[in-house]
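File shown here: coords_10.pdb, holding PDB, C-alpha atoms and all ligand atoms.
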```pdb
ATOM      1  CA  MET A   1     185.560 110.456-171.836
ATOM      2  CA  ASN A   2     184.789 108.990-175.277
ATOM      3  CA  LEU A   3     182.398 111.246-177.157
ATOM      4  CA  ASN A   4     180.507 109.699-180.058
ATOM      5  CA  LEU A   5     180.892 112.692-182.335
ATOM      6  CA  THR A   6     178.661 112.820-185.375
ATOM      7  CA  ASN A   7     178.658 115.210-188.334
ATOM      8  CA  THR A   8     175.262 116.456-187.205
ATOM      9  CA  ALA A   9     176.273 117.237-183.607
ATOM     10  CA  LYS A  10     174.731 120.509-182.408
ATOM     11  CA  LYS A  11     177.318 122.945-181.127
ATOM     12  CA  LEU A  12     177.422 124.442-177.625
ATOM     13  CA  CYS A  13     180.224 126.186-175.746
ATOM     14  CA  VAL A  14     181.223 128.252-172.753
ATOM     15  CA  ILE A  15     182.660 131.721-173.347
ATOM     16  CA  GLY A  16     184.696 133.860-170.960
ATOM     17  CA  ASP A  17     187.961 135.636-170.379
ATOM     18  CA  PRO A  18     189.609 133.745-168.764
ATOM     19  CA  VAL A  19     187.726 130.513-169.434
ATOM     20  CA  LEU A  20     190.257 127.702-169.909
ATOM     21  CA  HIS A  21     189.820 126.651-166.248
ATOM     22  CA  SER A  22     186.066 126.101-166.776
ATOM     23  CA  LYS A  23     184.563 122.780-165.729
ATOM     24  CA  SER A  24     181.517 123.343-167.956
ATOM     25  CA  PRO A  25     182.840 121.331-170.966
ATOM     26  CA  LEU A  26     183.584 118.354-168.689
ATOM     27  CA  ILE A  27     180.192 118.559-166.974
ATOM     28  CA  GLN A  28     178.134 119.183-170.108
ATOM     29  CA  ASN A  29     179.863 116.561-172.266
ATOM     30  CA  ALA A  30     179.449 113.979-169.470
ATOM     31  CA  MET A  31     175.704 114.645-169.340
ATOM     32  CA  ILE A  32     175.440 114.747-173.144
ATOM     33  CA  GLN A  33     177.164 111.382-173.361
ATOM     34  CA  ALA A  34     175.092 109.817-170.572
ATOM     35  CA  LEU A  35     171.888 110.998-172.237
ATOM     36  CA  GLY A  36     172.980 109.977-175.744
ATOM     37  CA  LEU A  37     172.331 113.497-177.072
ATOM     38  CA  ASP A  38     173.713 114.629-180.444
ATOM     39  CA  TYR A  39     175.564 117.694-179.061
ATOM     40  CA  ILE A  40     179.167 118.765-178.526
ATOM     41  CA  TYR A  41     180.214 121.340-175.908
ATOM     42  CA  LEU A  42     183.424 123.341-176.413
ATOM     43  CA  CYS A  43     185.495 125.924-174.547
ATOM     44  CA  GLN A  44     185.745 129.291-176.315
ATOM     45  CA  PRO A  45     187.846 132.204-175.029
ATOM     46  CA  VAL A  46     186.043 135.472-175.901
ATOM     47  CA  SER A  47     187.118 138.925-174.713
ATOM     48  CA  LEU A  48     184.580 141.596-173.765
ATOM     49  CA  GLU A  49     185.439 143.554-176.930
ATOM     50  CA  GLY A  50     185.021 140.394-178.976
ATOM     51  CA  LEU A  51     181.514 139.630-177.677
ATOM     52  CA  PRO A  52     179.449 141.184-180.527
ATOM     53  CA  ALA A  53     181.634 139.418-183.137
ATOM     54  CA  PHE A  54     181.250 136.129-181.254
ATOM     55  CA  LEU A  55     177.439 136.478-181.248
ATOM     56  CA  ASP A  56     177.426 137.024-185.026
ATOM     57  CA  ALA A  57     179.760 134.055-185.517
ATOM     58  CA  ALA A  58     177.732 131.775-183.228
ATOM     59  CA  LYS A  59     174.587 132.559-185.223
ATOM     60  CA  ALA A  60     176.363 132.135-188.577
ATOM     61  CA  LEU A  61     177.946 128.824-187.526
ATOM     62  CA  GLY A  62     174.642 127.456-186.259
ATOM     63  CA  TYR A  63     175.487 127.188-182.554
ATOM     64  CA  SER A  64     172.514 126.028-180.451
ATOM     65  CA  GLY A  65     173.657 128.036-177.469
ATOM     66  CA  PHE A  66     176.382 128.839-174.991
ATOM     67  CA  ASN A  67     177.145 129.543-171.365
ATOM     68  CA  ALA A  68     178.904 132.714-170.297
ATOM     69  CA  THR A  69     181.168 133.473-167.395
ATOM     70  CA  MET A  70     183.233 136.543-166.475
ATOM     71  CA  PRO A  71     183.216 139.233-167.884
ATOM     72  CA  HIS A  72     180.133 138.690-170.036
ATOM     73  CA  LYS A  73     177.161 138.172-167.714
ATOM     74  CA  GLN A  74     176.057 141.816-167.601
ATOM     75  CA  ALA A  75     177.276 142.727-171.095
ATOM     76  CA  LEU A  76     174.975 140.090-172.621
ATOM     77  CA  VAL A  77     171.797 141.554-171.092
ATOM     78  CA  PRO A  78     171.137 144.343-173.668
ATOM     79  CA  LEU A  79     172.221 142.053-176.526
ATOM     80  CA  MET A  80     169.433 139.480-175.960
ATOM     81  CA  ASP A  81     166.217 139.377-178.008
ATOM     82  CA  VAL A  82     164.375 137.746-175.091
ATOM     83  CA  LEU A  83     165.274 137.611-171.370
ATOM     84  CA  ASP A  84     163.732 135.099-168.967
ATOM     85  CA  GLU A  85     162.329 136.223-165.606
ATOM     86  CA  ASP A  86     165.464 135.426-163.578
ATOM     87  CA  ALA A  87     167.780 137.099-166.108
ATOM     88  CA  GLN A  88     165.593 140.189-165.995
ATOM     89  CA  MET A  89     165.448 140.136-162.197
ATOM     90  CA  CYS A  90     169.254 139.833-161.845
ATOM     91  CA  GLN A  91     170.178 141.809-164.979
ATOM     92  CA  SER A  92     172.595 138.977-165.711
ATOM     93  CA  VAL A  93     172.784 136.271-168.394
ATOM     94  CA  ASN A  94     174.845 133.097-168.125
ATOM     95  CA  THR A  95     172.989 130.824-170.549
ATOM     96  CA  VAL A  96     172.001 131.746-174.101
ATOM     97  CA  CYS A  97     169.934 129.685-176.541
ATOM     98  CA  ILE A  98     170.018 130.555-180.250
ATOM     99  CA  LYS A  99     166.825 129.759-182.124
ATOM    100  CA  ASP A 100     165.958 131.046-185.600
ATOM    101  CA  GLY A 101     168.688 133.678-185.298
ATOM    102  CA  LYS A 102     167.245 135.023-182.024
ATOM    103  CA  LEU A 103     169.100 135.108-178.701
ATOM    104  CA  TYR A 104     167.258 133.908-175.578
ATOM    105  CA  GLY A 105     169.018 134.804-172.317
ATOM    106  CA  TYR A 106     168.694 132.965-169.000
ATOM    107  CA  SER A 107     170.271 133.235-165.556
ATOM    108  CA  THR A 108     170.684 129.914-163.752
ATOM    109  CA  ASP A 109     172.779 131.065-160.737
ATOM    110  CA  GLY A 110     169.918 131.666-158.320
ATOM    111  CA  GLU A 111     167.824 128.677-159.394
ATOM    112  CA  GLY A 112     170.884 126.386-159.344
ATOM    113  CA  PHE A 113     171.607 127.348-155.744
ATOM    114  CA  TYR A 114     167.946 127.111-154.752
ATOM    115  CA  ARG A 115     167.552 123.603-156.195
ATOM    116  CA  SER A 116     170.701 122.450-154.449
ATOM    117  CA  LEU A 117     169.480 123.953-151.150
ATOM    118  CA  GLN A 118     166.041 122.354-151.501
ATOM    119  CA  ARG A 119     167.567 118.947-152.164
ATOM    120  CA  ALA A 120     169.644 119.344-149.002
ATOM    121  CA  GLY A 121     166.455 120.024-147.003
ATOM    122  CA  GLY A 122     166.783 123.824-146.731
ATOM    123  CA  GLN A 123     163.455 125.568-146.018
ATOM    124  CA  VAL A 124     163.439 129.015-147.617
ATOM    125  CA  ALA A 125     159.829 130.162-147.183
ATOM    126  CA  GLY A 126     159.629 132.214-143.986
ATOM    127  CA  ALA A 127     163.374 131.867-143.301
ATOM    128  CA  ASN A 128     165.703 134.474-141.844
ATOM    129  CA  ILE A 129     168.894 134.449-143.876
ATOM    130  CA  ALA A 130     172.393 135.761-143.180
ATOM    131  CA  LEU A 131     174.025 136.245-146.563
ATOM    132  CA  ILE A 132     177.737 137.077-146.591
ATOM    133  CA  GLY A 133     178.892 138.867-149.747
ATOM    134  CA  ALA A 134     177.333 141.247-152.258
ATOM    135  CA  GLY A 135     179.119 140.344-155.491
ATOM    136  CA  GLY A 136     178.043 138.691-158.717
ATOM    137  CA  ALA A 137     176.959 135.427-157.076
ATOM    138  CA  ALA A 138     175.327 136.955-153.996
ATOM    139  CA  LYS A 139     172.807 138.952-156.030
ATOM    140  CA  PRO A 140     171.053 136.095-157.903
ATOM    141  CA  VAL A 141     171.115 133.937-154.763
ATOM    142  CA  ALA A 142     169.565 136.701-152.637
ATOM    143  CA  LEU A 143     166.906 137.626-155.210
ATOM    144  CA  LYS A 144     165.949 133.964-155.753
ATOM    145  CA  LEU A 145     165.566 133.432-151.997
ATOM    146  CA  LEU A 146     163.332 136.513-151.763
ATOM    147  CA  GLN A 147     161.313 135.261-154.741
ATOM    148  CA  GLN A 148     160.864 131.940-152.914
ATOM    149  CA  GLY A 149     159.472 133.581-149.788
ATOM    150  CA  ALA A 150     162.451 134.254-147.510
ATOM    151  CA  LYS A 151     161.270 136.414-144.606
ATOM    152  CA  HIS A 152     164.406 138.545-144.251
ATOM    153  CA  ILE A 153     167.980 138.667-145.563
ATOM    154  CA  THR A 154     170.827 140.429-143.776
ATOM    155  CA  VAL A 155     173.529 141.153-146.365
ATOM    156  CA  CYS A 156     176.984 141.339-144.718
ATOM    157  CA  ASN A 157     179.725 142.668-146.977
ATOM    158  CA  ARG A 158     183.213 144.119-146.629
ATOM    159  CA  THR A 159     182.225 147.049-148.869
ATOM    160  CA  LEU A 160     179.053 148.343-147.239
ATOM    161  CA  GLU A 161     178.087 150.359-150.322
ATOM    162  CA  LYS A 162     177.709 147.155-152.373
ATOM    163  CA  ALA A 163     175.486 145.646-149.673
ATOM    164  CA  ASN A 164     173.425 148.865-149.750
ATOM    165  CA  VAL A 165     172.976 148.587-153.520
ATOM    166  CA  LEU A 166     171.903 144.928-153.316
ATOM    167  CA  CYS A 167     169.399 145.707-150.546
ATOM    168  CA  GLN A 168     167.739 148.383-152.702
ATOM    169  CA  HIS A 169     165.966 145.486-154.449
ATOM    170  CA  ASP A 170     163.700 145.021-151.426
ATOM    171  CA  THR A 171     164.347 147.478-148.597
ATOM    172  CA  GLY A 172     161.501 145.944-146.585
ATOM    173  CA  ARG A 173     163.058 142.490-146.465
ATOM    174  CA  MET A 174     166.784 143.185-146.797
ATOM    175  CA  THR A 175     169.209 144.919-144.414
ATOM    176  CA  PRO A 176     172.792 145.813-145.326
ATOM    177  CA  THR A 177     175.637 145.540-142.847
ATOM    178  CA  THR A 178     179.389 145.090-142.681
ATOM    179  CA  LEU A 179     181.686 142.105-142.229
ATOM    180  CA  LYS A 180     182.700 143.199-138.715
ATOM    181  CA  ASP A 181     182.467 140.543-135.983
ATOM    182  CA  SER A 182     179.606 142.327-134.231
ATOM    183  CA  ALA A 183     177.614 142.587-137.486
ATOM    184  CA  LEU A 184     178.188 138.915-138.342
ATOM    185  CA  ILE A 185     177.236 137.828-134.819
ATOM    186  CA  GLN A 186     174.013 139.825-134.969
ATOM    187  CA  ALA A 187     173.099 138.413-138.397
ATOM    188  CA  ALA A 188     173.962 134.843-137.371
ATOM    189  CA  SER A 189     172.050 134.941-134.103
ATOM    190  CA  THR A 190     168.647 134.993-135.830
ATOM    191  CA  ALA A 191     169.549 133.061-139.006
ATOM    192  CA  ASP A 192     167.814 129.883-140.132
ATOM    193  CA  ILE A 193     170.263 129.725-143.056
ATOM    194  CA  LEU A 194     173.715 131.329-143.323
ATOM    195  CA  ILE A 195     175.296 131.499-146.764
ATOM    196  CA  ASN A 196     178.846 132.497-147.699
ATOM    197  CA  CYS A 197     178.808 134.109-151.147
ATOM    198  CA  THR A 198     182.327 135.561-150.880
ATOM    199  CA  SER A 199     185.555 133.999-152.094
ATOM    200  CA  LEU A 200     186.837 133.754-148.484
ATOM    201  CA  GLY A 201     187.920 130.146-147.966
ATOM    202  CA  MET A 202     188.393 129.354-151.657
ATOM    203  CA  GLU A 203     191.533 127.438-152.617
ATOM    204  CA  GLY A 204     194.148 129.813-154.022
ATOM    205  CA  VAL A 205     192.589 132.859-152.340
ATOM    206  CA  ALA A 206     194.818 134.241-149.599
ATOM    207  CA  GLY A 207     193.302 134.827-146.169
ATOM    208  CA  GLY A 208     189.891 133.885-144.901
ATOM    209  CA  PHE A 209     187.366 135.063-142.345
ATOM    210  CA  GLU A 210     189.165 136.967-139.595
ATOM    211  CA  SER A 211     187.116 134.992-137.076
ATOM    212  CA  LEU A 212     184.487 132.290-137.319
ATOM    213  CA  ALA A 213     183.202 133.005-133.812
ATOM    214  CA  PHE A 214     179.921 134.253-135.298
ATOM    215  CA  LEU A 215     179.022 130.614-135.988
ATOM    216  CA  ASP A 216     178.786 130.024-132.220
ATOM    217  CA  HIS A 217     175.772 132.364-132.196
ATOM    218  CA  LEU A 218     173.692 130.468-134.761
ATOM    219  CA  PRO A 219     170.415 128.998-133.518
ATOM    220  CA  THR A 220     170.389 125.205-133.119
ATOM    221  CA  GLY A 221     169.747 123.453-136.436
ATOM    222  CA  ALA A 222     170.566 126.490-138.607
ATOM    223  CA  MET A 223     171.958 125.476-141.986
ATOM    224  CA  VAL A 224     175.350 126.763-143.173
ATOM    225  CA  CYS A 225     176.072 126.976-146.916
ATOM    226  CA  ASP A 226     179.159 127.962-148.869
ATOM    227  CA  LEU A 227     179.078 128.682-152.595
ATOM    228  CA  ILE A 228     182.692 127.501-152.738
ATOM    229  CA  TYR A 229     183.244 123.887-153.807
ATOM    230  CA  HIS A 230     187.054 123.921-153.965
ATOM    231  CA  PRO A 231     187.911 122.852-151.294
ATOM    232  CA  ALA A 232     184.847 120.686-150.713
ATOM    233  CA  GLN A 233     184.854 121.698-147.053
ATOM    234  CA  THR A 234     185.909 125.280-146.354
ATOM    235  CA  PRO A 235     187.007 126.284-142.819
ATOM    236  CA  LEU A 236     183.517 127.844-142.453
ATOM    237  CA  LEU A 237     181.777 124.558-143.235
ATOM    238  CA  ALA A 238     184.227 122.535-141.112
ATOM    239  CA  ARG A 239     183.535 124.700-138.060
ATOM    240  CA  ALA A 240     179.757 124.661-138.657
ATOM    241  CA  ASP A 241     179.865 120.882-139.061
ATOM    242  CA  ALA A 242     181.817 120.515-135.814
ATOM    243  CA  LEU A 243     179.142 122.605-134.091
ATOM    244  CA  GLY A 244     176.492 120.181-135.357
ATOM    245  CA  HIS A 245     174.919 122.339-138.080
ATOM    246  CA  PRO A 246     173.801 120.859-141.411
ATOM    247  CA  THR A 247     176.140 122.132-144.148
ATOM    248  CA  LEU A 248     176.086 122.471-147.937
ATOM    249  CA  ASN A 249     178.968 123.347-150.268
ATOM    250  CA  GLY A 250     178.760 124.902-153.757
ATOM    251  CA  LEU A 251     179.105 121.736-155.808
ATOM    252  CA  GLY A 252     175.354 121.157-155.960
ATOM    253  CA  MET A 253     174.867 124.718-157.231
ATOM    254  CA  LEU A 254     177.418 124.114-159.992
ATOM    255  CA  ILE A 255     175.802 120.815-160.964
ATOM    256  CA  HIS A 256     172.227 122.092-160.962
ATOM    257  CA  GLN A 257     173.213 125.126-163.032
ATOM    258  CA  GLY A 258     174.680 122.702-165.548
ATOM    259  CA  ILE A 259     171.506 120.617-165.631
ATOM    260  CA  LEU A 260     169.350 123.734-166.019
ATOM    261  CA  ALA A 261     171.532 124.986-168.884
ATOM    262  CA  LEU A 262     171.307 121.680-170.753
ATOM    263  CA  GLU A 263     167.536 121.689-170.242
ATOM    264  CA  HIS A 264     167.372 125.181-171.783
ATOM    265  CA  PHE A 265     169.620 124.165-174.714
ATOM    266  CA  THR A 266     167.675 120.999-175.531
ATOM    267  CA  GLY A 267     164.156 121.960-174.433
ATOM    268  CA  GLN A 268     163.989 118.685-172.467
ATOM    269  CA  ASN A 269     163.771 117.917-168.749
ATOM    270  CA  PHE A 270     166.225 115.446-167.273
ATOM    271  CA  ASP A 271     166.292 113.220-164.198
ATOM    272  CA  ALA A 272     168.203 115.458-161.753
ATOM    273  CA  ASP A 273     169.267 112.525-159.528
ATOM    274  CA  ARG A 274     170.795 110.679-162.460
ATOM    275  CA  MET A 275     172.507 113.774-163.845
ATOM    276  CA  GLU A 276     173.870 114.667-160.416
ATOM    277  CA  GLU A 277     175.357 111.170-160.167
ATOM    278  CA  VAL A 278     176.918 111.482-163.634
ATOM    279  CA  VAL A 279     178.469 114.878-162.904
ATOM    280  CA  ARG A 280     179.693 113.984-159.413
ATOM    281  CA  GLY A 281     181.299 110.911-160.996
ATOM    282  CA  VAL A 282     183.157 112.857-163.687
ATOM    283  CA  LEU A 283     184.294 115.545-161.232
ATOM    284  CA  ALA A 284     185.493 113.061-158.594
TER
HETATM  285  P1  LIG B 301     182.673 138.650-156.970
HETATM  286  O1  LIG B 301     181.571 139.225-157.772
HETATM  287  O2  LIG B 301     184.075 139.042-157.263
HETATM  288  O3  LIG B 301     182.352 139.009-155.423
HETATM  289  C1  LIG B 301     183.287 138.661-154.435
HETATM  290  C2  LIG B 301     182.669 138.831-153.046
HETATM  291  O4  LIG B 301     183.641 138.390-152.077
HETATM  292  C3  LIG B 301     182.355 140.281-152.701
HETATM  293  O5  LIG B 301     181.270 140.316-151.795
HETATM  294  C4  LIG B 301     183.654 140.734-152.020
HETATM  295  O6  LIG B 301     183.487 141.803-151.127
HETATM  296  C5  LIG B 301     183.993 139.494-151.224
HETATM  297  N1  LIG B 301     185.423 139.419-150.921
HETATM  298  C6  LIG B 301     186.434 139.106-151.775
HETATM  299  N2  LIG B 301     187.617 139.137-151.125
HETATM  300  C7  LIG B 301     187.357 139.504-149.845
HETATM  301  C8  LIG B 301     188.146 139.721-148.681
HETATM  302  N3  LIG B 301     189.471 139.587-148.712
HETATM  303  N4  LIG B 301     187.541 140.059-147.532
HETATM  304  C9  LIG B 301     186.205 140.204-147.486
HETATM  305  N5  LIG B 301     185.373 140.024-148.544
HETATM  306  C10 LIG B 301     185.948 139.675-149.709
HETATM  307  O7  LIG B 301     182.669 137.063-157.005
HETATM  308  P2  LIG B 301     181.397 136.105-157.188
HETATM  309  O8  LIG B 301     181.226 135.802-158.617
HETATM  310  O9  LIG B 301     180.269 136.707-156.431
HETATM  311  O10 LIG B 301     181.903 134.752-156.492
HETATM  312  C11 LIG B 301     181.984 134.634-155.082
HETATM  313  C12 LIG B 301     182.294 133.181-154.705
HETATM  314  O11 LIG B 301     181.215 132.348-155.107
HETATM  315  C13 LIG B 301     183.545 132.619-155.375
HETATM  316  O12 LIG B 301     184.244 131.853-154.433
HETATM  317  C14 LIG B 301     182.998 131.741-156.475
HETATM  318  O13 LIG B 301     183.852 130.652-156.766
HETATM  319  C15 LIG B 301     181.705 131.243-155.842
HETATM  320  N6  LIG B 301     180.714 130.849-156.858
HETATM  321  C16 LIG B 301     180.286 129.558-156.877
HETATM  322  C17 LIG B 301     179.339 129.161-157.807
HETATM  323  C18 LIG B 301     178.867 127.734-157.842
HETATM  324  O14 LIG B 301     178.298 127.300-158.841
HETATM  325  N7  LIG B 301     179.034 126.989-156.766
HETATM  326  C19 LIG B 301     178.817 130.090-158.723
HETATM  327  C20 LIG B 301     179.275 131.414-158.666
HETATM  328  C21 LIG B 301     180.224 131.787-157.725
HETATM  329  P3  LIG B 301     183.637 143.332-151.660
HETATM  330  O15 LIG B 301     182.321 143.676-152.293
HETATM  331  O16 LIG B 301     183.939 144.109-150.452
HETATM  332  O17 LIG B 301     184.771 143.333-152.674
END
```
What does the file become when written as structure tokens?
Amino acid sequence: MNLNLTNTAKKLCVIGDPVLHSKSPLIQNAMIQALGLDYIYLCQPVSLEGLPAFLDAAKALGYSGFNATMPHKQALVPLMDVLDEDAQMCQSVNTVCIKDGKLYGYSTDGEGFYRSLQRAGGQVAGANIALIGAGGAAKPVALKLLQQGAKHITVCNRTLEKANVLCQHDTGRMTPTTLKDSALIQAASTADILINCTSLGMEGVAGGFESLAFLDHLPTGAMVCDLIYHPAQTPLLARADALGHPTLNGLGMLIHQGILALEHFTGQNFDADRMEEVVRGVLA
């Protein structure tokens, strides 16, 4: 990629620990270049202890904003001057804009997934959802789906206590359960959409689902989603596809989070189709 760097380029970055594996610089610089924006997006390792010093430095150096990954998403919440609705709802910040020395915190995880799901034809309003996982990604996805009118979410998680905590957000519309076969089968049998929010199936992660037999119990036409995008087709998605279900991997979520972040940084709206094409091209 040839960036046309100018002396006036506005600075952006992604922070995390670890962060050097991040695809955000590639994605953001590809969009910046395609749009002809005067920005540069860097990769910045920052430890949890180093976060307050980084915030001071980012303000002093005139950064326009940054994205944050592990372990900063929760730590940033009390450090923001302003939190948007989704960041408040999830108590998590992954995008920060710096304007006039003030820090504006956003959470794009839930909205990124929702946009990707919508574009794939997923109907959330009135849907019964089987959501597998109760970690950092499951929470914003679940709360966004509730916000968008999901009828009910069954949260299946290895550690039941974490599913219990997540379901406290809306005990009327959320039910916690385990990752046992019987629990997964019960959740799948009424699901319009089934979503894997665990790392089971991710490249480099040992093991996977003990059994995928629960997929045989899905109603006809139910959609199966995986937040994982590496590999592009997890064993879960391969089996669902073979059974004739529409499937969606996590690449769209990653891309739409990137587009949302750049929209927050620049205050502009971009053509999502064009940006998706640009990012898919650079990631291919
Ligand atoms: P996390 O906070 O560490 O949560 C991990 C989840 O996976 C927990 O529910 C955990 O269950 C479960 N899990 C892990 N190992 C397991 C095992 N051996 N057996 C059963 N359950 C297991 O991670 P996260 O941030 O939520 O990320 C989860 C996945 O989503 C990752 O694969 C990540 O790459 C993906 N993701 C994708 C995007 C995207 O843009 N597409 C964005 C964010 C995350 P316990 O609670 O029992 O530990």
Ligand LIG 301 (chain B): which residues are within 7 Å, counting all atoms listed in the file? Reply as an mmCIF file with C-alpha atoms, keeping the file's coordinate frame.
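Contents of the output file result_35.cif:
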```
data_model
loop_
_atom_site.group_PDB
_atom_site.id
_atom_site.type_symbol
_atom_site.label_atom_id
_atom_site.label_comp_id
_atom_site.auth_asym_id
_atom_site.auth_seq_id
_atom_site.Cartn_x
_atom_site.Cartn_y
_atom_site.Cartn_z
ATOM 1 C CA ASP A 109 172.779 131.065 -160.737
ATOM 2 C CA GLY A 133 178.892 138.867 -149.747
ATOM 3 C CA ALA A 134 177.333 141.247 -152.258
ATOM 4 C CA GLY A 135 179.119 140.344 -155.491
ATOM 5 C CA GLY A 136 178.043 138.691 -158.717
ATOM 6 C CA ALA A 137 176.959 135.427 -157.076
ATOM 7 C CA ALA A 138 175.327 136.955 -153.996
ATOM 8 C CA ASN A 157 179.725 142.668 -146.977
ATOM 9 C CA ARG A 158 183.213 144.119 -146.629
ATOM 10 C CA THR A 159 182.225 147.049 -148.869
ATOM 11 C CA LYS A 162 177.709 147.155 -152.373
ATOM 12 C CA CYS A 197 178.808 134.109 -151.147
ATOM 13 C CA THR A 198 182.327 135.561 -150.880
ATOM 14 C CA SER A 199 185.555 133.999 -152.094
ATOM 15 C CA LEU A 200 186.837 133.754 -148.484
ATOM 16 C CA MET A 202 188.393 129.354 -151.657
ATOM 17 C CA GLY A 207 193.302 134.827 -146.169
ATOM 18 C CA GLY A 208 189.891 133.885 -144.901
ATOM 19 C CA LEU A 227 179.078 128.682 -152.595
ATOM 20 C CA ILE A 228 182.692 127.501 -152.738
ATOM 21 C CA TYR A 229 183.244 123.887 -153.807
ATOM 22 C CA GLY A 250 178.760 124.902 -153.757
ATOM 23 C CA LEU A 251 179.105 121.736 -155.808
ATOM 24 C CA GLY A 252 175.354 121.157 -155.960
ATOM 25 C CA MET A 253 174.867 124.718 -157.231
ATOM 26 C CA LEU A 254 177.418 124.114 -159.992
ATOM 27 C CA GLN A 257 173.213 125.126 -163.032
#
```
Pick out the residues sitting within 9 Å of Pro18 (chain A), and hand them over as an mmCIF file with C-alpha atoms, keeping the file's coordinate frame; count only C-alpha atoms, and ignore anything fewer than 2 positions along from it in its own chain.
```cif
data_model
loop_
_atom_site.group_PDB
_atom_site.id
_atom_site.type_symbol
_atom_site.label_atom_id
_atom_site.label_comp_id
_atom_site.auth_asym_id
_atom_site.auth_seq_id
_atom_site.Cartn_x
_atom_site.Cartn_y
_atom_site.Cartn_z
ATOM 1 C CA ILE A 15 182.660 131.721 -173.347
ATOM 2 C CA GLY A 16 184.696 133.860 -170.960
ATOM 3 C CA LEU A 20 190.257 127.702 -169.909
ATOM 4 C CA HIS A 21 189.820 126.651 -166.248
ATOM 5 C CA SER A 22 186.066 126.101 -166.776
ATOM 6 C CA PRO A 45 187.846 132.204 -175.029
ATOM 7 C CA VAL A 46 186.043 135.472 -175.901
ATOM 8 C CA SER A 47 187.118 138.925 -174.713
ATOM 9 C CA THR A 69 181.168 133.473 -167.395
ATOM 10 C CA MET A 70 183.233 136.543 -166.475
ATOM 11 C CA PRO A 71 183.216 139.233 -167.884
#
```
Item to check | Distance in Å - CA of Pro235 (chain A) versus CA of Asp17 (chain A) | outcome: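 So the two atoms, CA of Pro235 (chain A) and CA of Asp17 (chain A), lie 29.1 Å apart.
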Checklist entry - Near Leu262 (chain A), within 10 Å and counting all atoms listed in the file, which residues show up once chain neighbours fewer than 2 positions away are dropped, as a ChimeraX atom specification? => result /A:12,28,31-32,65-67,95,97,256-260,264-270
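Distances to Gly122 (chain A) were evaluated for A:Leu166, A:Leu145, A:Leu37, A:Leu61 using only C-alpha atoms, and the minimum falls at A:Leu145.
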Next on the checklist: With 12 Å as the threshold, what does the neighbourhood of (171.0, 133.5, -143.5) contain in terms of residues, counting all atoms listed in the file? Coordinates are those of the file; answer as an MDAnalysis selection string.
Outcome noted: chainID A and resid 122:124 126:133 138 141:142 145:146 150:156 174:175 184:197 215 218:219 222:226
